[in-house]
Structures are given as C-alpha cells and as structure tokens.
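Taking it in order: structure first as structure tokens, then the write-up.
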Amino acid sequence: MHVINLMPFSQPVFLKDQNKEDQRFEALFQNASLGMLVANEQGEIVLVNNFMVSAFDYGTAEELIGKKVELLIPARFHHHHVSDRENFNKHPERRPMGAGRDLFGVKKTGKEFPVEVSLSSYSNEEGFFVIAFVSDITKRKEIEQSVFDQQKELAEINKTIERLNLELENKVTERTKELQSAKDELTKALSKEKDLGDLKSRFVSMASHEFRTPLSTILSSASLLAKYTLTEEQDKRDRHIQRIKSSVNNLTNILDEFLSIGKMEDGMITVNSTGFNAKELLISICNDMHGLLKRGQKISYEHSGSTNVFLDASLLKNVLFNLLSNAIKFSPENSRIYFSGSVDGNIFTIIVRDEGIGMSQADQEHLFERFFRGANAINIQGTGLGLHIVGKYMELMNGDIIIKSELEKGTQITLTFRV
C-alpha cells in the first residue's frame, strides 16, 4: 500500500522513531470504525482505509488508489461534485460536506446508499490533500424513515380519530335532536290526549246540563200537542211546534260545535277559497237566522262597495252564524242586531253589533278560550265553544277580529279579510 506521510517535516526525526510513528498511524488509520479517504488536489484517491474499502464493497484498497473520488459518488452528482471540490481546494476548511442535502455513495455493485461526510485538509512538500471522513448512515436513515412513517401513520390515525370523533359528535347531535323531537312529539301527543280527555269530560258534563233543557222542552211540547185537537187551537199547536224547532236547533248547534272542535283537533279542516258574491251570502245568512230571533228582534243589514270576494265561503258562513247567534242569544227582546259588509279594494270588512248584555274587560281577555263563558252569561244556554271556533276559523282564513264591548251596552265585532 502506498502511504503518504501526513506529518510535516518542520523538525528532523530519527528514522527509527519515524517508523514507529508510521506504524502507529497505520494502525489508527486502518482500524478506525469510520471510512477515511485521502485525495490529492486533482481529486485522485491516494489513501483509503479498510473500513472505507469494505463499506463500498471493494476487495482491496488498490482498486481505489489512483481513481477519482467521483468513482464513489452517483453519476448524477459528478458535475456538481467536481465544482464543489475545486471550490473547497481554493477555500479549505473543516466542515461537514453537503450541509442541508442528502449525500449518497455508490458501491462497486452500483448500489447507492446514504452517507455522511466531513472534510478536512493538509499540505506538505508533496502538495495539497483533502481528508474525507465517510459514515454509512443507512441504519440511521432507516430509523429516521421508520420514525417518519410512524409519524405519518400516527397523523393518519389522529385524522381518523378526529373524523370518527366528529362523526360521533354529529351522530350524538343528530340523535339528541331526534330524541328532543320525539320528546316534543310525545309531549304534544300527551297534551292533545289530555285536551281530548278534558273535552270529553266537559262534553259529558255540559251535555247532561245543556241537553236536558231542550229535550225536556221537546218532550213537554210533544205531549201538549196531542191535547190540542180543535181547529181553533192551531195557534197553540204552532207555538209548541216552534218550541220544538227551537230546541232541535239548539241541540244541532251544540253537536255542530263539538264536531267542529273534533275536526280542528284532528287537522281535518282546510281552507278552500273560491270567488263568490259577498252580499248575496250575507243576505242568505240573515234569512237563515230569522228562525232564531226572539220576539220583536230584528236584523238590519247593509252593504257597501264591491260584492266580489275570494274566501272560503263555508268557513265564513260558520263564523257569521256563530256571531249572529250570540248577538241574538245575548240581546233582549225587541232589540236590533246591526249587520254590515263592505268591500274596499282588497279589504273585506264585516261588522256585527248588538244591544245585548255586553262583556267586561276581564272576560274579553279569555273570549277565545275553549269552554269559556262570561260571568254574566252563566244562566244563558251555551257551550262556551262558539268564539273559540270563530277564532280558529279566522286564523285559517288569515283574517283579523276586533271585539269592542261594554257591560249592558252591547258588543261590536269587526272582521277584516284581504280578498
């Protein structure tokens, strides 16, 4: 093996001592567990240790001595390496090679592997030389890659966990909403069931009271009719027939009110708007109400403006029948009920005014509640459902209702619709 003397010749030494120094250097150089290579200024390898030879899969150092160091570098880096080598020769310093870059060596077989290189230099009478310390960092890179892969895998796992957590949160939120919705539906169902139970109880209680009077009247009048057989007693027969008709009408009204409540509770009442003549409908309702008038009572009807409207005629008829029935019921004999309709542009206004018993301010706050009866109407026959139904029908038709009333001075109800 060709050996370059690394010791400067600034001081004379004896040949025997020189041999010992050479032997020590040889032992240190060849037994180092680090690849070491010495190259001259032209980039030719002049010295290489056993570790370096073995690391690059060469058999002997002689295979490398005299060769360019680029032999140990992948071909794709040769151009840059020559330029880097020349720059280092001009400005030599101890430093790691390829800072910030991955360095690779190439074995005799052509296989590349990662390396770490540190550079140093020295000069003597033979010239300028570069010392390269080369470490095979394959294991370290494998560990780093393994750590990187584990970190990447961990990041993916974290993403999966975050996704699953988000899905779980969304499912929990969705289930919570479903449970809340189910709870609300159950609460509504229970409330509705309770309302229906209350309605049935009130119906039984009310029916036992409200049905008794007209039924008794019908029974007694029917019995008395049989006694009036003479022609001159026709007026008595007519009076009892009228009493029977009136009682039947009362029973029919009560049943109609309960049927309406049941349909509304079941959502069976829908709005079916059509075009019709408002004046004709209101006059027809007035005529239908004459059979309910008390002695001496009259209904005064007036109409102004256009006659064509677009509403649910059936619902409107039910509303007005309730309001006019109440006006008749709560007004004394020989009184007048004022009934008017007007169409101004797309506004349809109906007013029902009576001279009856009126209502207190306290009672007016509860008028549209189911089964509510005013304090001054306890002794007057009724179910307390009429205005409740009116309120519901007005909501269905998107109408407005205003009630003005004063005790013993009558009541005025104004209905307003957009038609």
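Letters A, B, ... go to the chains of the structure tokens in the order shown; residues in each chain start at 1; ligands are counted from 1 in the same order.
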So which residues of region 17-266 of chain A fall under strand (DSSP E or B) by DSSP, listed as a PyMOL selection string? chain A and resi 35-40+44-48+68+95-96+103-106+112-124+127-136
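For Gly305 (chain A), the residues within 9 Å (counting only C-alpha atoms, excluding itself and residues fewer than 5 positions away along the chain) are Gly341, Ser342, Val343, Asp344 and Gly345 of chain A.
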Keeping C-alpha atoms for every residue in the selection just given, could you write it to a file as a tab-separated table (two decimals), in the first residue's frame?
chain	number	residue	atom	x	y	z
A	341	GLY	CA	-120.46	44.16	4.92
A	342	SER	CA	-118.19	46.31	2.79
A	343	VAL	CA	-115.54	45.68	0.15
A	344	ASP	CA	-112.96	48.43	-0.36
A	345	GLY	CA	-110.27	47.41	-2.83
Close residues, Cys286 (chain A) itself excluded, 9 Å, only C-alpha atoms, min 2 positions apart in chain, as number ranges by chain: A: 281-284, 288-290, 299-301, 321, 324, 339
Identify all residues of region 237-414 of chain A in alpha helix (DSSP H) (DSSP on the backbone) and supply them as an MDAnalysis selection string. chainID A and resid 237:265 278:289 313:329 361:364 386:396
Could you take the residues named above and write them with C-alpha atoms, as an mmCIF file, in the first residue's frame?
data_model
loop_
_atom_site.group_PDB
_atom_site.id
_atom_site.type_symbol
_atom_site.label_atom_id
_atom_site.label_comp_id
_atom_site.auth_asym_id
_atom_site.auth_seq_id
_atom_site.Cartn_x
_atom_site.Cartn_y
_atom_site.Cartn_z
ATOM 1 C CA ARG A 237 -150.093 23.914 18.293
ATOM 2 C CA ASP A 238 -147.934 26.329 16.269
ATOM 3 C CA ARG A 239 -146.421 27.746 19.455
ATOM 4 C CA HIS A 240 -145.366 24.276 20.663
ATOM 5 C CA ILE A 241 -144.106 23.291 17.213
ATOM 6 C CA GLN A 242 -141.929 26.428 17.224
ATOM 7 C CA ARG A 243 -140.620 25.496 20.680
ATOM 8 C CA ILE A 244 -139.728 22.032 19.386
ATOM 9 C CA LYS A 245 -137.950 23.527 16.334
ATOM 10 C CA SER A 246 -136.020 25.942 18.504
ATOM 11 C CA SER A 247 -134.931 23.178 20.881
ATOM 12 C CA VAL A 248 -133.868 20.932 17.987
ATOM 13 C CA ASN A 249 -131.861 23.818 16.549
ATOM 14 C CA ASN A 250 -130.136 24.300 19.910
ATOM 15 C CA LEU A 251 -129.210 20.615 20.064
ATOM 16 C CA THR A 252 -127.986 20.709 16.460
ATOM 17 C CA ASN A 253 -125.839 23.767 17.194
ATOM 18 C CA ILE A 254 -124.281 22.108 20.219
ATOM 19 C CA LEU A 255 -123.437 18.962 18.241
ATOM 20 C CA ASP A 256 -122.073 21.036 15.329
ATOM 21 C CA GLU A 257 -119.781 22.910 17.689
ATOM 22 C CA PHE A 258 -118.374 19.694 19.115
ATOM 23 C CA LEU A 259 -117.943 18.212 15.663
ATOM 24 C CA SER A 260 -116.042 21.349 14.571
ATOM 25 C CA ILE A 261 -113.743 21.120 17.597
ATOM 26 C CA GLY A 262 -113.020 17.458 16.856
ATOM 27 C CA LYS A 263 -112.205 18.192 13.206
ATOM 28 C CA MET A 264 -109.898 21.050 14.162
ATOM 29 C CA GLU A 265 -108.083 18.884 16.718
ATOM 30 C CA ALA A 278 -120.413 38.540 -0.593
ATOM 31 C CA LYS A 279 -123.658 40.498 -0.487
ATOM 32 C CA GLU A 280 -125.725 37.504 -1.562
ATOM 33 C CA LEU A 281 -124.038 35.229 1.006
ATOM 34 C CA LEU A 282 -124.556 37.670 3.900
ATOM 35 C CA ILE A 283 -128.229 38.247 2.986
ATOM 36 C CA SER A 284 -128.712 34.468 2.842
ATOM 37 C CA ILE A 285 -127.237 34.128 6.342
ATOM 38 C CA CYS A 286 -129.591 36.860 7.625
ATOM 39 C CA ASN A 287 -132.567 34.956 6.256
ATOM 40 C CA ASP A 288 -131.369 31.721 7.892
ATOM 41 C CA MET A 289 -131.155 33.478 11.278
ATOM 42 C CA ALA A 313 -117.480 30.679 1.918
ATOM 43 C CA SER A 314 -118.221 27.681 4.152
ATOM 44 C CA LEU A 315 -115.866 28.766 6.949
ATOM 45 C CA LEU A 316 -117.095 32.362 6.691
ATOM 46 C CA LYS A 317 -120.704 31.200 6.969
ATOM 47 C CA ASN A 318 -119.905 29.243 10.146
ATOM 48 C CA VAL A 319 -118.152 32.268 11.660
ATOM 49 C CA LEU A 320 -121.071 34.598 10.947
ATOM 50 C CA PHE A 321 -123.638 32.055 12.116
ATOM 51 C CA ASN A 322 -121.841 31.874 15.499
ATOM 52 C CA LEU A 323 -121.550 35.646 15.839
ATOM 53 C CA LEU A 324 -125.176 36.342 14.851
ATOM 54 C CA SER A 325 -126.434 33.508 17.089
ATOM 55 C CA ASN A 326 -124.576 35.049 20.032
ATOM 56 C CA ALA A 327 -125.924 38.513 19.190
ATOM 57 C CA ILE A 328 -129.481 37.124 19.227
ATOM 58 C CA LYS A 329 -128.918 34.990 22.325
ATOM 59 C CA GLN A 361 -112.809 43.830 30.156
ATOM 60 C CA ALA A 362 -111.674 40.889 32.292
ATOM 61 C CA ASP A 363 -113.894 38.460 30.362
ATOM 62 C CA GLN A 364 -112.768 39.832 26.976
ATOM 63 C CA GLY A 386 -118.622 29.379 19.732
ATOM 64 C CA LEU A 387 -115.970 32.117 19.905
ATOM 65 C CA HIS A 388 -113.203 29.538 20.254
ATOM 66 C CA ILE A 389 -114.290 28.072 16.902
ATOM 67 C CA VAL A 390 -114.612 31.578 15.415
ATOM 68 C CA GLY A 391 -111.029 32.379 16.464
ATOM 69 C CA LYS A 392 -109.676 29.171 14.898
ATOM 70 C CA TYR A 393 -111.560 29.714 11.633
ATOM 71 C CA MET A 394 -110.318 33.300 11.430
ATOM 72 C CA GLU A 395 -106.743 32.056 11.811
ATOM 73 C CA LEU A 396 -107.277 29.568 8.985
#
Find the spatial neighbours of Thr60 (chain A), counting only C-alpha atoms, within a cut-off of 12 Å - ignore same-chain residues fewer than 2 positions away - and output them as a PyMOL selection string. chain A and resi 1+47-58+62-65+108
Determine, counting only C-alpha atoms, which protein, DNA and RNA residues have an atom within 12 Å of an atom of Asn379 (chain A); residues of the same chain fewer than 3 positions away are not included. Present the result as a PyMOL selection string. chain A and resi 209-210+329-330+373-376+382-383
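One finds CA of Leu34 (chain A) at 8.5 Å from CA of Asp136 (chain A).
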